[in-house]
>>> print(open('final_0.pdb').read())   # PDB, C-alpha atoms
MODEL        1
ATOM      1  CA  MET D   1     123.183  79.112  92.641  1.00  0.00           C
ATOM      2  CA  THR D   2     121.914  77.372  89.537  1.00  0.00           C
ATOM      3  CA  GLN D   3     118.319  76.270  89.446  1.00  0.00           C
ATOM      4  CA  PRO D   4     117.385  72.837  88.092  1.00  0.00           C
ATOM      5  CA  LEU D   5     114.366  72.909  85.780  1.00  0.00           C
ATOM      6  CA  SER D   6     112.369  70.772  88.217  1.00  0.00           C
ATOM      7  CA  GLU D   7     112.723  73.323  91.041  1.00  0.00           C
ATOM      8  CA  LYS D   8     111.844  76.930  91.782  1.00  0.00           C
ATOM      9  CA  ILE D   9     113.654  79.474  93.918  1.00  0.00           C
ATOM     10  CA  SER D  10     111.707  81.729  96.271  1.00  0.00           C
ATOM     11  CA  GLN D  11     112.802  84.459  98.649  1.00  0.00           C
ATOM     12  CA  ILE D  12     111.453  84.215 102.173  1.00  0.00           C
ATOM     13  CA  MET D  13     111.647  85.931 105.547  1.00  0.00           C
ATOM     14  CA  LEU D  14     111.819  83.826 108.721  1.00  0.00           C
ATOM     15  CA  TYR D  15     111.238  85.017 112.256  1.00  0.00           C
ATOM     16  CA  THR D  16     112.755  83.105 115.177  1.00  0.00           C
ATOM     17  CA  ARG D  17     112.795  83.837 118.896  1.00  0.00           C
ATOM     18  CA  GLN D  18     116.324  85.242 118.563  1.00  0.00           C
ATOM     19  CA  SER D  19     116.585  86.637 115.035  1.00  0.00           C
ATOM     20  CA  LEU D  20     115.199  87.791 111.729  1.00  0.00           C
ATOM     21  CA  VAL D  21     116.431  85.700 108.793  1.00  0.00           C
ATOM     22  CA  TRP D  22     115.973  86.062 105.041  1.00  0.00           C
ATOM     23  CA  GLY D  23     117.216  84.177 102.047  1.00  0.00           C
ATOM     24  CA  LYS D  24     116.240  81.876  99.196  1.00  0.00           C
ATOM     25  CA  VAL D  25     114.711  78.393  99.311  1.00  0.00           C
ATOM     26  CA  ARG D  26     114.577  75.787  96.585  1.00  0.00           C
ATOM     27  CA  THR D  27     111.368  73.751  96.214  1.00  0.00           C
ATOM     28  CA  LYS D  28     109.381  71.751  93.695  1.00  0.00           C
ATOM     29  CA  PRO D  29     107.255  74.039  91.477  1.00  0.00           C
ATOM     30  CA  ALA D  30     103.991  72.683  92.944  1.00  0.00           C
ATOM     31  CA  ILE D  31     104.892  73.772  96.500  1.00  0.00           C
ATOM     32  CA  ARG D  32     103.129  76.941  97.618  1.00  0.00           C
ATOM     33  CA  ILE D  33     105.671  78.701  99.781  1.00  0.00           C
ATOM     34  CA  ASN D  34     103.130  80.824 101.639  1.00  0.00           C
ATOM     35  CA  THR D  35     101.471  77.700 103.115  1.00  0.00           C
ATOM     36  CA  TRP D  36     104.390  75.250 102.932  1.00  0.00           C
ATOM     37  CA  LEU D  37     104.867  74.685 106.675  1.00  0.00           C
ATOM     38  CA  ARG D  38     101.188  73.749 107.079  1.00  0.00           C
ATOM     39  CA  THR D  39     101.554  70.823 104.678  1.00  0.00           C
ATOM     40  CA  ASP D  40     102.918  67.279 104.773  1.00  0.00           C
ATOM     41  CA  MET D  41     105.648  68.514 102.402  1.00  0.00           C
ATOM     42  CA  ALA D  42     107.151  70.746 105.102  1.00  0.00           C
ATOM     43  CA  PRO D  43     110.822  69.955 105.656  1.00  0.00           C
ATOM     44  CA  THR D  44     112.328  69.181 109.051  1.00  0.00           C
ATOM     45  CA  TYR D  45     115.123  71.604 108.205  1.00  0.00           C
ATOM     46  CA  MET D  46     114.581  74.553 105.913  1.00  0.00           C
ATOM     47  CA  LYS D  47     117.692  75.142 103.792  1.00  0.00           C
ATOM     48  CA  LEU D  48     118.324  78.788 102.920  1.00  0.00           C
ATOM     49  CA  PHE D  49     120.790  80.037 100.307  1.00  0.00           C
ATOM     50  CA  ASP D  50     122.299  83.537 100.303  1.00  0.00           C
ATOM     51  CA  ALA D  51     121.015  83.810 103.862  1.00  0.00           C
ATOM     52  CA  GLN D  52     121.230  86.829 106.113  1.00  0.00           C
ATOM     53  CA  MET D  53     120.533  86.872 109.837  1.00  0.00           C
ATOM     54  CA  LEU D  54     119.898  89.868 112.048  1.00  0.00           C
ATOM     55  CA  PRO D  55     120.100  88.802 115.709  1.00  0.00           C
ATOM     56  CA  LEU D  56     117.699  90.591 118.062  1.00  0.00           C
ATOM     57  CA  THR D  57     120.632  91.355 120.352  1.00  0.00           C
ATOM     58  CA  GLY D  58     121.086  94.752 118.731  1.00  0.00           C
ATOM     59  CA  ALA D  59     123.487  93.795 115.961  1.00  0.00           C
ATOM     60  CA  GLN D  60     124.021  96.688 113.577  1.00  0.00           C
ATOM     61  CA  LYS D  61     124.563  94.631 110.423  1.00  0.00           C
ATOM     62  CA  PRO D  62     123.158  91.302 109.307  1.00  0.00           C
ATOM     63  CA  LEU D  63     125.395  88.259 109.318  1.00  0.00           C
ATOM     64  CA  LYS D  64     125.718  86.710 105.848  1.00  0.00           C
ATOM     65  CA  PHE D  65     126.010  83.011 105.049  1.00  0.00           C
ATOM     66  CA  PRO D  66     126.058  81.098 101.740  1.00  0.00           C
ATOM     67  CA  GLN D  67     123.793  78.446 103.347  1.00  0.00           C
ATOM     68  CA  MET D  68     121.854  78.034 106.583  1.00  0.00           C
ATOM     69  CA  PHE D  69     119.704  75.223 107.910  1.00  0.00           C
ATOM     70  CA  PHE D  70     116.807  76.058 110.212  1.00  0.00           C
ATOM     71  CA  HIS D  71     114.848  73.413 112.065  1.00  0.00           C
ATOM     72  CA  THR D  72     111.239  74.298 111.340  1.00  0.00           C
ATOM     73  CA  ASP D  73     110.436  74.134 115.063  1.00  0.00           C
ATOM     74  CA  GLN D  74     112.519  77.317 115.416  1.00  0.00           C
ATOM     75  CA  ILE D  75     110.375  79.255 112.939  1.00  0.00           C
ATOM     76  CA  ILE D  76     107.747  81.314 114.761  1.00  0.00           C
ATOM     77  CA  ALA D  77     106.547  83.188 111.646  1.00  0.00           C
ATOM     78  CA  TYR D  78     107.410  83.494 107.967  1.00  0.00           C
ATOM     79  CA  HIS D  79     106.336  84.929 104.632  1.00  0.00           C
ATOM     80  CA  ILE D  80     107.500  85.216 101.066  1.00  0.00           C
ATOM     81  CA  LEU D  81     109.436  88.221  99.792  1.00  0.00           C
ATOM     82  CA  PRO D  82     109.262  89.946  96.415  1.00  0.00           C
ATOM     83  CA  PRO D  83     109.707  89.122  93.629  1.00  0.00           C
ATOM     84  CA  THR D  84     108.047  85.843  94.662  1.00  0.00           C
ATOM     85  CA  GLU D  85     104.263  86.122  94.374  1.00  0.00           C
ATOM     86  CA  GLU D  86     101.613  83.547  95.196  1.00  0.00           C
ATOM     87  CA  PRO D  87      97.839  83.691  95.476  1.00  0.00           C
ATOM     88  CA  LEU D  88      96.236  83.904  98.892  1.00  0.00           C
ATOM     89  CA  ASP D  89      95.153  80.662 100.545  1.00  0.00           C
ATOM     90  CA  TYR D  90      91.407  81.344 100.256  1.00  0.00           C
ATOM     91  CA  ASP D  91      88.711  82.410  97.822  1.00  0.00           C
ATOM     92  CA  PRO D  92      87.829  86.086  98.542  1.00  0.00           C
ATOM     93  CA  GLY D  93      84.296  85.445  97.264  1.00  0.00           C
ATOM     94  CA  GLU D  94      83.589  82.699  99.808  1.00  0.00           C
ATOM     95  CA  PRO D  95      80.405  83.668 101.708  1.00  0.00           C
ATOM     96  CA  ASN D  96      79.938  83.891 105.471  1.00  0.00           C
ATOM     97  CA  ARG D  97      83.562  84.744 106.279  1.00  0.00           C
ATOM     98  CA  LYS D  98      84.933  87.759 108.139  1.00  0.00           C
ATOM     99  CA  ARG D  99      88.299  89.367 108.713  1.00  0.00           C
ATOM    100  CA  ILE D 100      89.049  90.380 112.289  1.00  0.00           C
ATOM    101  CA  PRO D 101      91.705  93.043 112.959  1.00  0.00           C
ATOM    102  CA  MET D 102      94.316  91.543 115.223  1.00  0.00           C
ATOM    103  CA  THR D 103      97.741  92.188 116.699  1.00  0.00           C
ATOM    104  CA  ALA D 104      99.925  89.131 117.212  1.00  0.00           C
ATOM    105  CA  ILE D 105     102.936  89.275 119.510  1.00  0.00           C
ATOM    106  CA  VAL D 106     105.261  86.483 118.421  1.00  0.00           C
ATOM    107  CA  GLY D 107     108.621  86.315 120.163  1.00  0.00           C
ATOM    108  CA  GLY D 108     110.156  89.776 119.927  1.00  0.00           C
ATOM    109  CA  PHE D 109     107.991  90.769 116.954  1.00  0.00           C
ATOM    110  CA  ARG D 110     104.669  92.546 116.619  1.00  0.00           C
ATOM    111  CA  PHE D 111     102.408  91.853 113.646  1.00  0.00           C
ATOM    112  CA  ASP D 112      99.305  93.918 112.945  1.00  0.00           C
ATOM    113  CA  GLY D 113      96.919  92.322 110.483  1.00  0.00           C
ATOM    114  CA  PHE D 114      93.794  90.202 110.174  1.00  0.00           C
ATOM    115  CA  LEU D 115      92.594  86.697 111.027  1.00  0.00           C
ATOM    116  CA  ARG D 116      89.941  85.187 108.757  1.00  0.00           C
ATOM    117  CA  MET D 117      87.159  83.035 110.195  1.00  0.00           C
ATOM    118  CA  ALA D 118      83.520  82.020 109.851  1.00  0.00           C
ATOM    119  CA  GLN D 119      81.049  84.892 110.263  1.00  0.00           C
ATOM    120  CA  GLN D 120      79.435  83.358 113.375  1.00  0.00           C
ATOM    121  CA  THR D 121      82.719  82.391 115.081  1.00  0.00           C
ATOM    122  CA  LYS D 122      84.134  84.332 118.004  1.00  0.00           C
ATOM    123  CA  ILE D 123      87.865  84.852 118.377  1.00  0.00           C
ATOM    124  CA  GLU D 124      88.045  82.697 121.515  1.00  0.00           C
ATOM    125  CA  SER D 125      86.385  79.774 119.743  1.00  0.00           C
ATOM    126  CA  PHE D 126      88.518  80.172 116.614  1.00  0.00           C
ATOM    127  CA  LEU D 127      91.766  80.082 118.604  1.00  0.00           C
ATOM    128  CA  SER D 128      90.578  77.242 120.842  1.00  0.00           C
ATOM    129  CA  VAL D 129      89.546  74.877 118.071  1.00  0.00           C
ATOM    130  CA  SER D 130      92.353  75.669 115.622  1.00  0.00           C
ATOM    131  CA  LYS D 131      94.861  72.825 115.913  1.00  0.00           C
ATOM    132  CA  ALA D 132      97.156  73.838 113.060  1.00  0.00           C
ATOM    133  CA  ASN D 133     100.736  74.684 114.024  1.00  0.00           C
ATOM    134  CA  TYR D 134     100.579  77.805 111.865  1.00  0.00           C
ATOM    135  CA  LEU D 135      97.742  80.282 111.406  1.00  0.00           C
ATOM    136  CA  SER D 136      97.319  82.442 108.324  1.00  0.00           C
ATOM    137  CA  PHE D 137      97.633  86.136 109.096  1.00  0.00           C
ATOM    138  CA  TYR D 138      96.633  88.599 106.369  1.00  0.00           C
ATOM    139  CA  ASP D 139      97.758  92.104 105.348  1.00  0.00           C
ATOM    140  CA  ALA D 140     100.325  92.019 108.126  1.00  0.00           C
ATOM    141  CA  THR D 141     102.763  94.737 109.063  1.00  0.00           C
ATOM    142  CA  MET D 142     105.753  93.878 111.232  1.00  0.00           C
ATOM    143  CA  SER D 143     107.631  95.824 113.843  1.00  0.00           C
ATOM    144  CA  CYS D 144     110.184  94.842 116.445  1.00  0.00           C
ATOM    145  CA  PRO D 145     109.779  96.688 119.770  1.00  0.00           C
ATOM    146  CA  ALA D 146     113.238  95.471 120.881  1.00  0.00           C
ATOM    147  CA  LEU D 147     114.807  97.189 117.841  1.00  0.00           C
ATOM    148  CA  PRO D 148     112.701 100.318 117.279  1.00  0.00           C
ATOM    149  CA  ALA D 149     115.122 101.636 114.630  1.00  0.00           C
ATOM    150  CA  MET D 150     114.487  98.585 112.450  1.00  0.00           C
ATOM    151  CA  LYS D 151     112.243  99.397 109.531  1.00  0.00           C
ATOM    152  CA  GLY D 152     109.103  97.237 109.572  1.00  0.00           C
ATOM    153  CA  GLY D 153     107.900  95.165 106.656  1.00  0.00           C
ATOM    154  CA  SER D 154     104.594  93.934 105.362  1.00  0.00           C
ATOM    155  CA  ALA D 155     103.118  90.838 103.754  1.00  0.00           C
ATOM    156  CA  ALA D 156      99.757  90.010 102.181  1.00  0.00           C
ATOM    157  CA  LEU D 157      99.924  86.581 103.852  1.00  0.00           C
ATOM    158  CA  MET D 158     102.173  85.200 106.530  1.00  0.00           C
ATOM    159  CA  LEU D 159     102.069  82.163 108.758  1.00  0.00           C
ATOM    160  CA  ILE D 160     102.372  82.551 112.523  1.00  0.00           C
ATOM    161  CA  ARG D 161     103.152  79.659 114.876  1.00  0.00           C
ATOM    162  CA  GLN D 162     100.045  79.605 117.033  1.00  0.00           C
ATOM    163  CA  SER D 163     101.802  78.218 120.140  1.00  0.00           C
ATOM    164  CA  ASP D 164     104.267  81.137 120.142  1.00  0.00           C
ATOM    165  CA  ALA D 165     101.723  83.902 119.640  1.00  0.00           C
ATOM    166  CA  SER D 166      99.642  86.100 121.884  1.00  0.00           C
ATOM    167  CA  PHE D 167      96.678  87.753 120.177  1.00  0.00           C
ATOM    168  CA  ILE D 168      95.227  91.168 120.884  1.00  0.00           C
ATOM    169  CA  PRO D 169      91.937  92.014 119.132  1.00  0.00           C
ATOM    170  CA  GLY D 170      92.051  95.401 117.459  1.00  0.00           C
TER     171      GLY D 170
ENDMDL
END
>>> encode(input="final_0.pdb", output="structure tokens")
Amino acid sequence: MTQPLSEKISQIMLYTRQSLVWGKVRTKPAIRINTWLRTDMAPTYMKLFDAQMLPLTGAQKPLKFPQMFFHTDQIIAYHILPPTEEPLDYDPGEPNRKRIPMTAIVGGFRFDGFLRMAQQTKIESFLSVSKANYLSFYDATMSCPALPAMKGGSAALMLIRQSDASFIPG
């Protein structure tokens, strides 16, 4: 896959209700991959190159495809993979903010990490008033209870589809 000068290639991990998918995406250099699906620049279909899919049905090996197209409505969570690196989506020095330890159950996946919100906000209020399709979830570790042998991963920042998630304060 050759890369035009006006584009960048990033490696990402997608989580769907039925599978775990990873591959490369091509975007304009100004697009921040770690917040892409929260923006007006989000595609209807995400095109992955050198894609691999591990169905949650207990498949032993990932299926490999030169290209895959995923409707973004199917994506319940995602994050970038190394070597791609991007800054977090907030200023760590911003006052009056707190990080709340949280477990998110999203489809067949479990993510342990943190939500970030105003110091005075309670979790119930934060979740009730947040209208974004995707929430930022920080310092997340992933596991898959349906496939306990699968090695979990981690991400400094991932997006979780709020409508597909159940949250357990930790």
>>> atom_distance(input="final_0.pdb", atom1="CA of Ser19 in chain D", atom2="CA of Ala156 in chain D")
21.4 Å
>>> resolve_selection(input="final_0.pdb", expression="the PyMOL selection byres ((chain D and resi 66) around 7)", output="list in words")
Phe49, Asp50, Ala51, Lys64, Phe65 and Gln67 of chain D
>>> atom_distance(input="final_0.pdb", atom1="CA of Met117 in chain D", atom2="CA of Ile100 in chain D")
7.9 Å
>>> residues_around(input="final_0.pdb", residues="Thr84 in chain D", least_positions_apart="5", cutoff="9 Å", atoms="all atoms listed in the file", output="PDB file with C-alpha atoms, keeping the file's coordinate frame")
ATOM      1  CA  ILE D   9     113.654  79.474  93.918  1.00  0.00           C
ATOM      2  CA  SER D  10     111.707  81.729  96.271  1.00  0.00           C
ATOM      3  CA  GLN D  11     112.802  84.459  98.649  1.00  0.00           C
ATOM      4  CA  ILE D  12     111.453  84.215 102.173  1.00  0.00           C
TER       5      ILE D  12
END
>>> resolve_selection(input="final_0.pdb", expression="the PyMOL selection byres ((chain D and resi 85) around 10)", output="VMD selection string")
chain D and resid 10 to 11 32 to 34 80 to 84 86 to 88 156
>>> closest_residue(input="final_0.pdb", among="D:His71, D:Arg161, D:His79, D:Lys98", to="Tyr45 in chain D", atoms="all atoms listed in the file")
D:His71
>>> closest_residue(input="final_0.pdb", among="D:Tyr15, D:Tyr78, D:Phe109, D:Trp36", to="Pro148 in chain D", atoms="all atoms listed in the file")
D:Phe109
>>> closest_residue(input="final_0.pdb", among="D:Ala132, D:Met150, D:Met13, D:Leu56", to="Ser163 in chain D", atoms="only C-alpha atoms")
D:Ala132
>>> resolve_selection(input="final_0.pdb", expression="the PyMOL selection byres ((chain D and resi 169) around 12)", output="PyMOL selection string")
chain D and resi 99-105+111-115+122-124+127+166-168+170
>>> residues_near_point(input="final_0.pdb", point="(99.9, 80.8, 104.3)", cutoff="7 Å", atoms="only C-alpha atoms", output="list of chain:residue names")
D:Asn34, D:Thr35, D:Asp89, D:Ser136, D:Leu157, D:Met158, D:Leu159
>>> closest_residue(input="final_0.pdb", among="D:Glu7, D:Arg116, D:Gln52, D:Gly107", to="Ala165 in chain D", atoms="all atoms listed in the file")
D:Gly107
>>> atom_distance(input="final_0.pdb", atom1="CA of Gly152 in chain D", atom2="CA of Arg110 in chain D")
9.6 Å
>>> closest_residue(input="final_0.pdb", among="D:Ala77, D:Met68, D:Leu37, D:Leu54", to="Lys24 in chain D", atoms="all atoms listed in the file")
D:Met68
>>> closest_residue(input="final_0.pdb", among="D:Lys131, D:Met46, D:Leu14, D:Ser143", to="Thr27 in chain D", atoms="all atoms listed in the file")
D:Met46
>>> residues_around(input="final_0.pdb", residues="Thr72 in chain D", least_positions_apart="2", cutoff="10 Å", atoms="all atoms listed in the file", output="PDB file with C-alpha atoms, keeping the file's coordinate frame")
ATOM      1  CA  LEU D  14     111.819  83.826 108.721  1.00  0.00           C
ATOM      2  CA  THR D  16     112.755  83.105 115.177  1.00  0.00           C
ATOM      3  CA  LEU D  37     104.867  74.685 106.675  1.00  0.00           C
ATOM      4  CA  ALA D  42     107.151  70.746 105.102  1.00  0.00           C
ATOM      5  CA  PRO D  43     110.822  69.955 105.656  1.00  0.00           C
ATOM      6  CA  THR D  44     112.328  69.181 109.051  1.00  0.00           C
ATOM      7  CA  TYR D  45     115.123  71.604 108.205  1.00  0.00           C
ATOM      8  CA  MET D  46     114.581  74.553 105.913  1.00  0.00           C
ATOM      9  CA  LYS D  47     117.692  75.142 103.792  1.00  0.00           C
ATOM     10  CA  PHE D  69     119.704  75.223 107.910  1.00  0.00           C
ATOM     11  CA  PHE D  70     116.807  76.058 110.212  1.00  0.00           C
ATOM     12  CA  GLN D  74     112.519  77.317 115.416  1.00  0.00           C
ATOM     13  CA  ILE D  75     110.375  79.255 112.939  1.00  0.00           C
ATOM     14  CA  ILE D  76     107.747  81.314 114.761  1.00  0.00           C
TER      15      ILE D  76
END
